[in-house]
Structures are given as structure tokens and as C-alpha cells.
file protein26.tsv (TSV, C-alpha atoms)
chain	number	residue	atom	x	y	z
A	23	MET	CA	63.76	21.44	-49.31
A	24	VAL	CA	65.74	23.83	-47.15
A	25	ASN	CA	65.24	23.35	-43.41
A	26	PRO	CA	63.18	26.13	-41.79
A	27	ARG	CA	65.30	28.42	-39.63
A	28	VAL	CA	64.50	28.62	-35.91
A	29	TYR	CA	65.71	31.62	-33.89
A	30	LEU	CA	66.82	30.32	-30.48
A	31	ALA	CA	65.77	33.12	-28.10
A	32	GLY	CA	66.70	33.00	-24.43
A	33	PRO	CA	69.10	34.04	-21.70
A	34	ASP	CA	71.31	31.13	-22.83
A	35	VAL	CA	73.69	33.75	-24.29
A	36	PHE	CA	74.63	34.69	-20.71
A	37	LEU	CA	75.69	31.14	-19.72
A	38	PRO	CA	79.38	30.52	-18.91
A	39	ASP	CA	79.63	28.49	-22.16
A	40	PRO	CA	76.97	29.81	-24.55
A	41	HIS	CA	78.54	28.01	-27.51
A	42	ALA	CA	77.99	24.62	-25.83
A	43	ILE	CA	74.25	25.20	-25.34
A	44	ALA	CA	74.03	26.62	-28.88
A	45	ALA	CA	75.60	23.44	-30.29
A	46	SER	CA	73.24	21.20	-28.29
A	47	LYS	CA	70.16	23.13	-29.38
A	48	LYS	CA	71.27	23.17	-33.01
A	49	ALA	CA	71.82	19.40	-32.96
A	50	LEU	CA	68.27	18.86	-31.65
A	51	CYS	CA	66.92	21.22	-34.33
A	52	ALA	CA	68.81	19.40	-37.08
A	53	ALA	CA	67.50	16.03	-35.84
A	54	HIS	CA	63.95	17.31	-36.41
A	55	GLY	CA	64.42	19.04	-39.76
A	56	PHE	CA	65.21	22.58	-38.60
A	57	GLU	CA	68.22	24.85	-38.73
A	58	GLY	CA	68.85	26.40	-35.33
A	59	VAL	CA	70.02	30.02	-35.34
A	60	PHE	CA	71.68	31.31	-32.16
A	61	PRO	CA	71.88	35.04	-31.27
A	62	LEU	CA	75.69	34.80	-31.29
A	63	ASP	CA	75.70	33.52	-34.91
A	64	VAL	CA	76.91	36.84	-36.21
A	65	ASP	CA	80.36	37.95	-37.18
A	66	LEU	CA	80.49	41.28	-35.43
A	67	ASP	CA	83.38	43.69	-35.56
A	68	LEU	CA	82.93	45.71	-32.39
A	69	ASP	CA	86.46	47.10	-32.31
A	70	GLY	CA	86.67	50.81	-31.64
A	71	LEU	CA	82.99	51.17	-30.78
A	72	THR	CA	81.77	52.61	-27.49
A	73	PRO	CA	80.04	50.09	-25.20
A	74	ARG	CA	76.68	51.65	-26.13
A	75	ASP	CA	77.35	51.39	-29.88
A	76	GLN	CA	78.50	47.78	-29.44
A	77	ALA	CA	75.17	47.01	-27.77
A	78	LEU	CA	73.15	48.76	-30.48
A	79	LYS	CA	75.02	46.85	-33.20
A	80	ILE	CA	74.28	43.52	-31.47
A	81	SER	CA	70.62	44.51	-31.11
A	82	ALA	CA	70.32	45.37	-34.81
A	83	GLU	CA	72.05	42.11	-35.81
A	84	ASN	CA	69.74	40.05	-33.59
A	85	GLU	CA	66.67	41.69	-35.13
A	86	ALA	CA	68.09	40.89	-38.58
A	87	LEU	CA	68.62	37.27	-37.51
A	88	ILE	CA	65.00	36.99	-36.35
A	89	ARG	CA	63.83	38.42	-39.70
A	90	SER	CA	65.88	35.68	-41.43
A	91	CYS	CA	64.04	32.92	-39.52
A	92	GLN	CA	60.67	31.22	-40.00
A	93	LEU	CA	59.91	30.63	-36.32
A	94	VAL	CA	61.19	31.25	-32.79
A	95	ILE	CA	61.69	28.90	-29.85
A	96	ALA	CA	62.04	30.97	-26.67
A	97	ASN	CA	63.50	29.96	-23.32
A	98	MET	CA	61.05	31.55	-20.85
A	99	THR	CA	62.68	30.09	-17.72
A	100	PRO	CA	62.47	32.78	-14.99
A	101	PHE	CA	65.64	34.89	-15.06
A	102	ARG	CA	66.80	37.13	-12.19
A	103	GLY	CA	63.27	37.44	-10.86
A	104	PRO	CA	59.86	35.77	-11.22
A	105	SER	CA	59.56	36.40	-14.97
A	106	ALA	CA	61.35	35.52	-18.21
A	107	ASP	CA	64.38	37.47	-19.44
A	108	VAL	CA	63.18	40.81	-20.89
A	109	GLY	CA	65.38	40.46	-23.97
A	110	THR	CA	63.65	37.17	-24.71
A	111	ALA	CA	60.23	38.73	-24.10
A	112	TYR	CA	61.15	41.53	-26.52
A	113	GLU	CA	62.20	39.03	-29.18
A	114	MET	CA	58.97	37.05	-28.76
A	115	GLY	CA	57.02	40.26	-29.36
A	116	PHE	CA	59.20	41.26	-32.30
A	117	ALA	CA	58.63	37.86	-33.92
A	118	ARG	CA	54.87	38.06	-33.39
A	119	GLY	CA	54.84	41.56	-34.87
A	120	LEU	CA	56.52	40.06	-37.94
A	121	GLY	CA	53.88	37.31	-38.01
A	122	LEU	CA	56.20	34.44	-37.05
A	123	PRO	CA	55.03	31.55	-34.85
A	124	VAL	CA	56.61	31.56	-31.38
A	125	PHE	CA	57.11	28.33	-29.45
A	126	ALA	CA	58.37	28.54	-25.87
A	127	TYR	CA	59.45	26.50	-22.89
A	128	THR	CA	60.21	26.97	-19.22
A	129	ASN	CA	62.32	24.83	-16.92
A	130	THR	CA	60.14	25.44	-13.88
A	131	SER	CA	56.74	24.00	-13.03
A	132	ALA	CA	55.70	26.74	-10.57
A	133	ARG	CA	52.97	29.04	-11.82
A	134	PHE	CA	53.50	32.80	-12.23
A	135	ALA	CA	51.44	33.96	-9.23
A	136	GLU	CA	53.20	31.41	-7.03
A	137	ARG	CA	56.64	32.60	-8.19
A	138	VAL	CA	55.79	36.28	-7.73
A	139	SER	CA	54.44	35.58	-4.24
A	140	ALA	CA	57.60	33.65	-3.34
A	141	ALA	CA	59.76	36.58	-4.47
A	142	ILE	CA	57.99	39.13	-2.23
A	143	PRO	CA	59.42	39.66	1.26
A	144	GLY	CA	56.62	38.52	3.55
A	145	GLY	CA	54.63	37.07	0.64
A	146	ALA	CA	51.65	38.43	-1.28
A	147	ARG	CA	48.51	39.69	0.44
A	148	ARG	CA	44.95	39.36	-0.77
A	149	ARG	CA	42.62	42.32	-1.44
A	150	ALA	CA	38.96	42.15	-0.31
A	151	ASP	CA	37.91	41.17	-3.85
A	152	GLY	CA	40.34	38.25	-3.84
A	153	VAL	CA	43.06	39.80	-6.05
A	154	LEU	CA	46.64	39.08	-4.91
A	155	LEU	CA	48.81	42.17	-4.29
A	156	ASP	CA	52.59	42.53	-4.15
A	157	ASP	CA	54.51	44.58	-1.57
A	158	ARG	CA	53.76	47.82	-3.52
A	159	GLY	CA	50.03	47.08	-3.64
A	160	MET	CA	50.31	46.24	-7.36
A	161	SER	CA	48.10	43.39	-8.51
A	162	ILE	CA	49.42	39.99	-9.49
A	163	GLU	CA	47.78	38.52	-12.61
A	164	PRO	CA	45.20	35.95	-11.45
A	165	PHE	CA	45.05	33.87	-14.63
A	166	GLU	CA	46.88	30.68	-13.58
A	167	LEU	CA	49.46	31.21	-16.31
A	168	ARG	CA	53.19	30.54	-16.54
A	169	ASP	CA	54.12	34.23	-16.96
A	170	ASN	CA	52.68	37.60	-18.03
A	171	LEU	CA	49.62	37.13	-20.25
A	172	MET	CA	51.20	38.78	-23.30
A	173	LEU	CA	53.86	36.03	-23.43
A	174	GLU	CA	51.34	33.24	-22.90
A	175	GLY	CA	49.09	34.84	-25.53
A	176	ALA	CA	51.90	34.94	-28.10
A	177	VAL	CA	52.48	31.20	-27.74
A	178	ALA	CA	48.77	30.35	-27.70
A	179	ALA	CA	48.21	32.44	-30.85
A	180	SER	CA	50.93	30.32	-32.48
A	181	GLY	CA	48.78	27.24	-31.88
A	182	VAL	CA	50.69	25.69	-29.00
A	183	GLN	CA	51.18	25.85	-25.24
A	184	ILE	CA	54.34	26.68	-23.29
A	185	ALA	CA	56.26	23.44	-22.69
A	186	ALA	CA	57.18	23.07	-19.03
A	187	HIS	CA	59.59	20.73	-17.29
A	188	ALA	CA	60.74	20.93	-13.66
A	189	ALA	CA	64.50	20.84	-14.22
A	190	ASP	CA	67.00	20.26	-11.44
A	191	GLU	CA	68.10	23.58	-9.92
A	192	ASP	CA	71.68	23.16	-11.15
A	193	ARG	CA	70.45	22.55	-14.70
A	194	LEU	CA	67.83	25.32	-14.71
A	195	PHE	CA	69.30	26.98	-17.79
A	196	THR	CA	70.86	23.96	-19.49
A	197	ASP	CA	68.23	21.19	-19.28
A	198	LEU	CA	66.84	20.69	-22.82
A	199	ALA	CA	63.91	18.30	-22.23
A	200	ALA	CA	61.27	21.03	-22.61
A	201	PHE	CA	63.22	22.62	-25.46
A	202	GLU	CA	63.17	19.28	-27.31
A	203	GLU	CA	59.41	19.07	-26.71
A	204	CYS	CA	59.10	22.44	-28.51
A	205	VAL	CA	61.17	21.20	-31.44
A	206	ARG	CA	59.03	18.05	-31.75
A	207	CYS	CA	55.89	20.17	-31.55
A	208	ALA	CA	57.19	22.52	-34.24
A	209	GLN	CA	58.02	19.53	-36.42
A	210	ALA	CA	54.50	18.13	-36.01
A	211	LEU	CA	52.84	21.48	-36.74
A	212	LEU	CA	55.07	22.97	-39.41
A	213	ARG	CA	56.73	20.06	-41.17
A	214	ALA	CA	53.76	17.64	-41.32
B	1	MET	CA	44.19	66.36	-38.61
B	2	VAL	CA	43.49	63.43	-36.32
B	3	ASN	CA	45.87	63.12	-33.36
B	4	PRO	CA	48.29	60.19	-33.65
B	5	ARG	CA	47.44	57.37	-31.25
B	6	VAL	CA	50.04	56.44	-28.62
B	7	TYR	CA	49.87	53.01	-26.95
B	8	LEU	CA	50.75	53.48	-23.27
B	9	ALA	CA	52.69	50.30	-22.44
B	10	GLY	CA	53.79	49.60	-18.88
B	11	PRO	CA	53.07	47.86	-15.60
B	12	ASP	CA	50.77	50.80	-14.79
B	13	VAL	CA	47.83	48.43	-15.33
B	14	PHE	CA	48.81	46.69	-12.07
B	15	LEU	CA	48.62	49.88	-9.95
B	16	PRO	CA	45.92	50.10	-7.25
B	17	ASP	CA	44.17	52.75	-9.37
B	18	PRO	CA	45.13	52.13	-13.02
B	19	HIS	CA	42.38	54.42	-14.30
B	20	ALA	CA	43.90	57.41	-12.47
B	21	ILE	CA	47.32	56.97	-14.10
B	22	ALA	CA	45.61	56.33	-17.45
B	23	ALA	CA	43.73	59.64	-17.15
B	24	SER	CA	46.92	61.54	-16.22
B	25	LYS	CA	48.88	60.06	-19.13
B	26	LYS	CA	46.05	60.73	-21.58
B	27	ALA	CA	45.84	64.36	-20.45
B	28	LEU	CA	49.58	64.83	-21.07
B	29	CYS	CA	49.22	63.17	-24.49
B	30	ALA	CA	46.29	65.42	-25.43
B	31	ALA	CA	48.24	68.52	-24.34
B	32	HIS	CA	50.92	67.60	-26.91
B	33	GLY	CA	48.70	66.61	-29.82
B	34	PHE	CA	48.41	62.86	-29.21
B	35	GLU	CA	45.63	60.49	-28.25
B	36	GLY	CA	46.74	58.21	-25.41
B	37	VAL	CA	45.53	54.62	-25.61
B	38	PHE	CA	45.66	52.59	-22.38
B	39	PRO	CA	45.73	48.76	-22.33
B	40	LEU	CA	42.46	48.77	-20.36
B	41	ASP	CA	40.68	50.77	-23.09
B	42	VAL	CA	38.77	47.73	-24.25
B	43	ASP	CA	35.25	46.66	-23.52
B	44	LEU	CA	35.85	43.03	-22.70
B	45	ASP	CA	33.15	40.54	-21.85
B	46	LEU	CA	35.05	37.92	-19.87
B	47	ASP	CA	31.98	36.31	-18.29
B	48	GLY	CA	31.92	32.55	-18.42
B	49	LEU	CA	35.50	32.25	-19.66
B	50	THR	CA	38.14	30.21	-17.86
B	51	PRO	CA	40.95	32.29	-16.31
B	52	ARG	CA	43.26	31.18	-19.13
B	53	ASP	CA	40.78	32.18	-21.85
B	54	GLN	CA	40.24	35.53	-20.13
B	55	ALA	CA	43.99	36.14	-20.30
B	56	LEU	CA	44.22	35.13	-23.95
B	57	LYS	CA	41.33	37.46	-24.84
B	58	ILE	CA	43.05	40.37	-23.08
B	59	SER	CA	46.32	39.55	-24.87
B	60	ALA	CA	44.61	39.52	-28.28
B	61	GLU	CA	42.82	42.80	-27.54
B	62	ASN	CA	46.06	44.49	-26.44
B	63	GLU	CA	47.79	43.39	-29.64
B	64	ALA	CA	44.86	44.82	-31.62
B	65	LEU	CA	45.18	48.10	-29.67
B	66	ILE	CA	48.88	48.32	-30.52
B	67	ARG	CA	48.07	47.72	-34.21
B	68	SER	CA	45.60	50.64	-34.01
B	69	CYS	CA	48.32	53.03	-32.77
B	70	GLN	CA	51.05	55.00	-34.54
B	71	LEU	CA	53.63	54.84	-31.73
B	72	VAL	CA	54.30	53.40	-28.28
B	73	ILE	CA	55.54	55.04	-25.08
B	74	ALA	CA	56.74	52.32	-22.72
B	75	ASN	CA	57.28	52.51	-18.96
B	76	MET	CA	60.55	50.58	-18.49
B	77	THR	CA	60.86	51.25	-14.75
B	78	PRO	CA	62.27	48.06	-13.16
B	79	PHE	CA	59.40	45.84	-12.04
B	80	ARG	CA	59.75	42.97	-9.54
B	81	GLY	CA	63.45	42.60	-10.31
B	82	PRO	CA	66.26	44.50	-12.00
B	83	SER	CA	64.56	44.70	-15.42
B	84	ALA	CA	61.41	46.14	-17.00
B	85	ASP	CA	58.07	44.32	-16.87
B	86	VAL	CA	58.15	41.44	-19.41
B	87	GLY	CA	54.70	42.29	-20.76
B	88	THR	CA	56.00	45.77	-21.57
B	89	ALA	CA	59.15	44.31	-23.16
B	90	TYR	CA	56.95	42.03	-25.28
B	91	GLU	CA	54.83	44.98	-26.43
B	92	MET	CA	57.93	47.02	-27.32
B	93	GLY	CA	59.10	44.13	-29.50
B	94	PHE	CA	55.67	43.66	-31.03
B	95	ALA	CA	55.52	47.35	-31.95
B	96	ARG	CA	59.02	47.26	-33.48
B	97	GLY	CA	58.06	44.15	-35.48
B	98	LEU	CA	55.14	46.18	-36.84
B	99	GLY	CA	57.52	49.03	-37.66
B	100	LEU	CA	56.21	51.50	-35.07
B	101	PRO	CA	58.50	53.92	-33.22
B	102	VAL	CA	58.94	53.08	-29.55
B	103	PHE	CA	59.70	55.77	-26.98
B	104	ALA	CA	60.45	54.74	-23.41
B	105	TYR	CA	61.17	56.04	-19.94
B	106	THR	CA	62.37	54.76	-16.61
B	107	ASN	CA	61.89	56.23	-13.16
B	108	THR	CA	65.28	55.12	-11.88
B	109	SER	CA	68.70	56.56	-12.62
B	110	ALA	CA	70.68	53.43	-11.69
B	111	ARG	CA	72.26	51.62	-14.63
B	112	PHE	CA	71.37	48.01	-15.49
B	113	ALA	CA	74.60	46.35	-14.30
B	114	GLU	CA	74.38	48.27	-11.02
B	115	ARG	CA	70.77	47.14	-10.45
B	116	VAL	CA	71.52	43.50	-11.30
B	117	SER	CA	74.50	43.53	-8.94
B	118	ALA	CA	72.38	45.04	-6.17
B	119	ALA	CA	69.77	42.29	-6.61
B	120	ILE	CA	72.29	39.43	-6.19
B	121	PRO	CA	72.82	38.10	-2.67
B	122	GLY	CA	76.47	38.90	-1.96
B	123	GLY	CA	76.77	41.04	-5.11
B	124	ALA	CA	78.23	40.30	-8.52
B	125	ARG	CA	81.73	38.91	-8.99
B	126	ARG	CA	84.18	39.70	-11.76
B	127	ARG	CA	85.65	37.10	-14.14
B	128	ALA	CA	89.37	37.24	-15.03
B	129	ASP	CA	88.50	39.00	-18.31
B	130	GLY	CA	86.58	41.69	-16.42
B	131	VAL	CA	83.04	40.49	-17.21
B	132	LEU	CA	80.61	40.73	-14.27
B	133	LEU	CA	78.90	37.48	-13.28
B	134	ASP	CA	75.71	36.86	-11.30
B	135	ASP	CA	75.28	34.19	-8.60
B	136	ARG	CA	74.74	31.49	-11.31
B	137	GLY	CA	77.90	32.47	-13.17
B	138	MET	CA	75.80	34.04	-15.92
B	139	SER	CA	77.27	37.19	-17.42
B	140	ILE	CA	75.83	40.65	-16.83
B	141	GLU	CA	75.72	42.84	-19.95
B	142	PRO	CA	78.68	45.26	-19.77
B	143	PHE	CA	77.30	47.97	-22.05
B	144	GLU	CA	76.45	50.73	-19.55
B	145	LEU	CA	72.81	50.64	-20.62
B	146	ARG	CA	69.54	51.13	-18.75
B	147	ASP	CA	68.32	47.56	-19.40
B	148	ASN	CA	68.80	44.59	-21.75
B	149	LEU	CA	70.31	45.70	-25.06
B	150	MET	CA	67.30	44.65	-27.13
B	151	LEU	CA	65.11	47.19	-25.29
B	152	GLU	CA	67.71	49.94	-25.55
B	153	GLY	CA	68.18	49.06	-29.24
B	154	ALA	CA	64.46	49.37	-29.95
B	155	VAL	CA	64.37	52.90	-28.56
B	156	ALA	CA	67.61	53.94	-30.26
B	157	ALA	CA	66.33	52.60	-33.61
B	158	SER	CA	63.30	54.85	-33.11
B	159	GLY	CA	65.63	57.85	-33.06
B	160	VAL	CA	65.57	58.65	-29.35
B	161	GLN	CA	67.08	57.66	-26.00
B	162	ILE	CA	65.34	56.26	-22.94
B	163	ALA	CA	64.18	59.17	-20.77
B	164	ALA	CA	65.31	58.69	-17.18
B	165	HIS	CA	64.28	60.47	-14.00
B	166	ALA	CA	65.13	59.44	-10.44
B	167	ALA	CA	61.64	59.43	-8.95
B	168	ASP	CA	60.98	59.26	-5.23
B	169	GLU	CA	60.62	55.65	-4.09
B	170	ASP	CA	56.94	56.09	-3.19
B	171	ARG	CA	56.21	57.52	-6.64
B	172	LEU	CA	58.29	54.96	-8.59
B	173	PHE	CA	55.35	53.91	-10.75
B	174	THR	CA	53.31	57.12	-10.72
B	175	ASP	CA	55.84	59.94	-11.32
B	176	LEU	CA	55.24	61.25	-14.84
B	177	ALA	CA	58.18	63.64	-15.36
B	178	ALA	CA	60.08	61.21	-17.61
B	179	PHE	CA	56.87	60.16	-19.33
B	180	GLU	CA	56.15	63.79	-20.17
B	181	GLU	CA	59.68	64.10	-21.56
B	182	CYS	CA	58.82	61.21	-23.92
B	183	VAL	CA	55.62	62.91	-25.04
B	184	ARG	CA	57.47	66.18	-25.74
B	185	CYS	CA	60.14	64.27	-27.62
B	186	ALA	CA	57.51	62.48	-29.69
B	187	GLN	CA	55.86	65.80	-30.43
B	188	ALA	CA	59.16	67.29	-31.61
B	189	LEU	CA	60.01	64.28	-33.78
B	190	LEU	CA	56.63	63.25	-35.16
B	191	ARG	CA	54.49	66.38	-35.15
B	192	ALA	CA	57.10	68.92	-36.24

call {"tool": "encode", "arguments": {"input": "protein26.tsv", "output": "C-alpha cells"}}
result
Amino acid sequence: MVNPRVYLAGPDVFLPDPHAIAASKKALCAAHGFEGVFPLDVDLDLDGLTPRDQALKISAENEALIRSCQLVIANMTPFRGPSADVGTAYEMGFARGLGLPVFAYTNTSARFAERVSAAIPGGARRRADGVLLDDRGMSIEPFELRDNLMLEGAVAASGVQIAAHAADEDRLFTDLAAFEECVRCAQALLRA
Amino acid sequence: MVNPRVYLAGPDVFLPDPHAIAASKKALCAAHGFEGVFPLDVDLDLDGLTPRDQALKISAENEALIRSCQLVIANMTPFRGPSADVGTAYEMGFARGLGLPVFAYTNTSARFAERVSAAIPGGARRRADGVLLDDRGMSIEPFELRDNLMLEGAVAASGVQIAAHAADEDRLFTDLAAFEECVRCAQALLRA
């Protein structure tokens, strides 16, 4: 039986050595009966293209990679703000639109409302009805989740919960404990 | 002929008066032959549910709303950081996975790399090969786009570009000039 292919979504592609994290994740996938597929696993000829056309070619190739996979494991660790990387969020949605299961992890234990509040100069304030507001008066989701409810819903609809592990700050984007929990969970659910 | 349904994705739902922006967007849609569908257009009974189950019910209902639409217009204005709202990014991906066209707008004229650099304490630094790095040493996409390449790719694959308008700071999430440009563009492309 061919190992199911797992698309490895996340801001990992922006790390100083993305190929190192790709190799580590693929080894963990292989150890649990999956083939890990990294967004950089494409042989792109970008020569002569404008920066915009390079980007659009990468986007199209990544969508094709997701279509070639049977599931997604997404790194939802907050990236340059209180929420996950938007490219990762997009790919989670794309996979769900295709009907694929989406597993996800985060390397922080702080809840979404807590992280948003911490990111606001002066902190959040509370409206008379109890709803937390940011510095623009926009409401902060009160659902005790790990991120925006659409992301949490995608993972829940796949039959699992977001794996969370409080990684050391200097290993925020490289710690793989929660990622491995996702792989084990996928093995239990999909390869049983 | 029934008007095509447009799902109105965006962080607009978090505004102090989301129903006011919903009404304005729906009026602009109707004026151009579309039916605007806002994420809050659901009659949800959340009584007795835990906060988590409330969130999951809203998520499922929003996905059902997107499935009931023929296109999406997404508000990609940067939200609580240099990128779009992650819930909006998720919905753009979900729509593309379903094969729907996705139009989008942003109420800022600053490019992505410029916004990321501005959000980093001390600014971005440049690697020897010219790539911009953030304060974690993670690379900043060099493609002169408006946001992460997956979002830009989704809009380009739909046959359009992201509409951009430099709104006044106090109308960052309520100015509808760029939104209206999307509606006109959708009318020209889909209702011609």
C-alpha cells in the first residue's frame, strides 16, 4: 500500500533553513506510514519571470501539491501577530474545500483572546455586555479557542483538536513535539 | 434570472456595528445585480452550547453559506498585524477549493514587505543575497505583492487583481470604494 501523502502547511518555508525542517518533518511522517510533502517540493523554473509571476507560479504549484495529497498537517503557531500565518490559513481552507482532513498544531499554549489582548497597546477593554474589544473597538472572539473560529472549525470537522505544546521561545518554529502528536493522531485515525 | 450570491468575507463581522456595514455592502451588490450574503446571515440558536460548540456551529454555518454562493468578495485589509484576517484567508482558500472565483480588496496602499518591515521592532534586515529578514531571521516574501502569495494567487487565478484604495485611517475597515470596485469588476466579468 502506498503511504498517504501529507501536505506540510506552515510558515516553516520562511525559516533560515527550510530544507532542514522539511527533512525532519518528512522523517516523522515516514516513521508513521505517511509521505510528507513540503511546499518547496517543486522544481520551479522562475528564470525570466517578473517577481509577481514568480509568486503566482509558486501559488499554483502549491495548490497542485495540496490536490496531490490525502491530508494536511498545518503549523498554526502565531506568525507576525496574534494569529497563524495567512498562507497557512488559506491552505487549510483550500484543503477543506477539496474535502481533505486538516490536522493542525501550535507551539504556544496561550489562548487566542489572551494573545490578541497582549498584542494591543494598553490591552483590550471590555464592553458593557462583557465582549472584549481591541484598540479599534473591534470585538475579539470570546470562544476560548486557539485562533479564529474558522481555523478551529476546520480541524474539529476533521475529527481532531489542534495539538498544542508550549515550545521554548527560541524553538517556536522548529519544535516538533506537537507536530509529531498530529502525525500520531493521523496514523490512529486514518491508518487504523 | 436570479442574482448570483456573493459571500462577503472579511473582518467586518468584528466591527462595532457589523449590521451597518452588511447593509451597505448588500446595497452595493444589489445595485450591480448581485445578492450580498454576510457571515451573520444565519439564524443560529446558540443557547445552552459551550463557547467552543458555539464557535464550531458558526464555523459550519459559514462554510454552508459559502457553498450556497457563486463567488466571494474578501476584505483583505491588514488586521491586527501586517496580513489579512486569518478567518478571511481561510474562507478565500475554502472558496477556491470549491472552485469559486474570489475577488478581494484592501484599504491600504502599502505593499506587504513594507508593512512587515514596519511591524518589526528595529525594522527588517537584509541577508547577503538580498532577501529581507524579520526579527526571527525568517524571510519576508520578495514578490512585491499585497499579501502572502497564496492569497494573491487565489485572486489572480480568478482573473482579477486585488483592488486597493488608501482609505483614511479612521475608515480603514468601513471605506467601501475598493469594495465597490470589486463589485463592478465582478459585474463586468460574470454578468456581461

call {"tool": "residues_around", "arguments": {"input": "protein26.tsv", "residues": "Gln76 in chain A", "least_positions_apart": "2", "cutoff": "12 Å", "atoms": "only C-alpha atoms", "output": "PyMOL selection string"}}
result
(chain A and resi 66-74+78-83) or (chain B and resi 141-145+149-150+152-153)

call {"tool": "residues_around", "arguments": {"input": "protein26.tsv", "residues": "Lys26 in chain B", "least_positions_apart": "2", "cutoff": "9 Å", "atoms": "all atoms listed in the file", "output": "PyMOL selection string"}}
result
chain B and resi 8+21-24+28-31+34-38

call {"tool": "closest_atom_pairs", "arguments": {"input": "protein26.tsv", "of": "chain B", "to": "chain A", "cutoff": "7 Å", "atoms": "all atoms listed in the file", "output": "tab-separated table"}}
result
residue	atom	partner	partner_atom	distance
B:Phe14	CA	A:Ser161	CA	4.9
B:Leu15	CA	A:Met160	CA	4.8
B:Pro16	CA	A:Met160	CA	5.8
B:Pro51	CA	A:Phe165	CA	4.7
B:Arg52	CA	A:Phe165	CA	5.5
B:Ala55	CA	A:Leu171	CA	5.7
B:Leu56	CA	A:Gly175	CA	5.1
B:Ser59	CA	A:Met172	CA	5.2
B:Arg80	CA	A:Gly103	CA	6.7
B:Gly81	CA	A:Gly103	CA	5.2
B:Ser83	CA	A:Val108	CA	6.9
B:Ala84	CA	A:Val108	CA	6.8
B:Val86	CA	A:Val108	CA	5.3
B:Gly87	CA	A:Met172	CA	5.6
B:Ala89	CA	A:Tyr112	CA	4.8
B:Tyr90	CA	A:Tyr112	CA	4.4
B:Glu91	CA	A:Gly115	CA	6.0
B:Met92	CA	A:Tyr112	CA	6.4
B:Gly93	CA	A:Phe116	CA	4.0
B:Phe94	CA	A:Gly115	CA	4.0
B:Ala95	CA	A:Gly119	CA	6.5
B:Arg96	CA	A:Phe116	CA	6.1
B:Gly97	CA	A:Gly119	CA	4.2
B:Leu98	CA	A:Gly119	CA	5.0
B:Gly137	CA	A:Pro38	CA	6.2
B:Met138	CA	A:Leu37	CA	4.8
B:Ser139	CA	A:Phe36	CA	4.9
B:Phe143	CA	A:Pro73	CA	4.7
B:Glu144	CA	A:Arg74	CA	6.6
B:Leu145	CA	A:Arg74	CA	6.8
B:Asn148	CA	A:Gly109	CA	5.8
B:Leu149	CA	A:Ala77	CA	5.7
B:Met150	CA	A:Ser81	CA	5.2
B:Leu151	CA	A:Gly109	CA	6.9
B:Gly153	CA	A:Leu78	CA	5.1

call {"tool": "closest_residue", "arguments": {"input": "protein26.tsv", "among": "B:Ala20, B:Leu176, B:Leu65, B:Cys182", "to": "Ala163 in chain B", "atoms": "all atoms listed in the file"}}
result
B:Cys182

call {"tool": "residues_around", "arguments": {"input": "protein26.tsv", "residues": "Phe103 in chain B", "least_positions_apart": "4", "cutoff": "8 Å", "atoms": "all atoms listed in the file", "output": "VMD selection string"}}
result
chain B and resid 71 to 74 155 158 160 to 162 182 186

call {"tool": "atom_distance", "arguments": {"input": "protein26.tsv", "atom1": "CA of Thr77 in chain B", "atom2": "CA of Ala150 in chain A"}}
result
27.8 Å

call {"tool": "atom_distance", "arguments": {"input": "protein26.tsv", "atom1": "CA of Arg191 in chain B", "atom2": "CA of Ala166 in chain B"}}
result
27.8 Å

call {"tool": "atom_distance", "arguments": {"input": "protein26.tsv", "atom1": "CA of Ala132 in chain A", "atom2": "CA of Ser117 in chain B"}}
result
25.3 Å

call {"tool": "decode", "arguments": {"input": "protein26.tsv", "residues": "range 66-79 of chain A", "atoms": "N, CA and C atoms", "output": "tab-separated table (two decimals), in the first residue's frame"}}
result
chain	number	residue	atom	x	y	z
A	66	LEU	N	10.80	24.35	-9.75
A	66	LEU	CA	10.28	25.53	-10.44
A	66	LEU	C	11.37	26.24	-11.22
A	67	ASP	N	11.05	26.55	-12.46
A	67	ASP	CA	11.95	27.40	-13.24
A	67	ASP	C	11.36	28.81	-13.25
A	68	LEU	N	11.93	29.66	-12.41
A	68	LEU	CA	11.39	31.02	-12.28
A	68	LEU	C	12.20	32.04	-13.08
A	69	ASP	N	13.20	31.54	-13.80
A	69	ASP	CA	14.07	32.45	-14.56
A	69	ASP	C	13.27	33.30	-15.56
A	70	GLY	N	13.58	34.57	-15.57
A	70	GLY	CA	12.98	35.45	-16.57
A	70	GLY	C	11.58	35.93	-16.23
A	71	LEU	N	11.02	35.41	-15.13
A	71	LEU	CA	9.68	35.86	-14.74
A	71	LEU	C	9.77	37.11	-13.87
A	72	THR	N	8.75	37.95	-13.94
A	72	THR	CA	8.67	39.09	-13.01
A	72	THR	C	8.45	38.54	-11.61
A	73	PRO	N	8.77	39.32	-10.56
A	73	PRO	CA	8.51	38.86	-9.20
A	73	PRO	C	7.05	38.41	-9.02
A	74	ARG	N	6.11	39.17	-9.57
A	74	ARG	CA	4.70	38.80	-9.44
A	74	ARG	C	4.40	37.45	-10.10
A	75	ASP	N	4.93	37.24	-11.30
A	75	ASP	CA	4.67	35.97	-11.99
A	75	ASP	C	5.37	34.80	-11.30
A	76	GLN	N	6.53	35.06	-10.68
A	76	GLN	CA	7.17	34.02	-9.87
A	76	GLN	C	6.23	33.59	-8.74
A	77	ALA	N	5.67	34.59	-8.05
A	77	ALA	CA	4.78	34.31	-6.92
A	77	ALA	C	3.55	33.52	-7.37
A	78	LEU	N	2.98	33.92	-8.51
A	78	LEU	CA	1.76	33.24	-8.99
A	78	LEU	C	2.07	31.81	-9.40
A	79	LYS	N	3.27	31.58	-9.92
A	79	LYS	CA	3.65	30.21	-10.30
A	79	LYS	C	3.80	29.34	-9.05
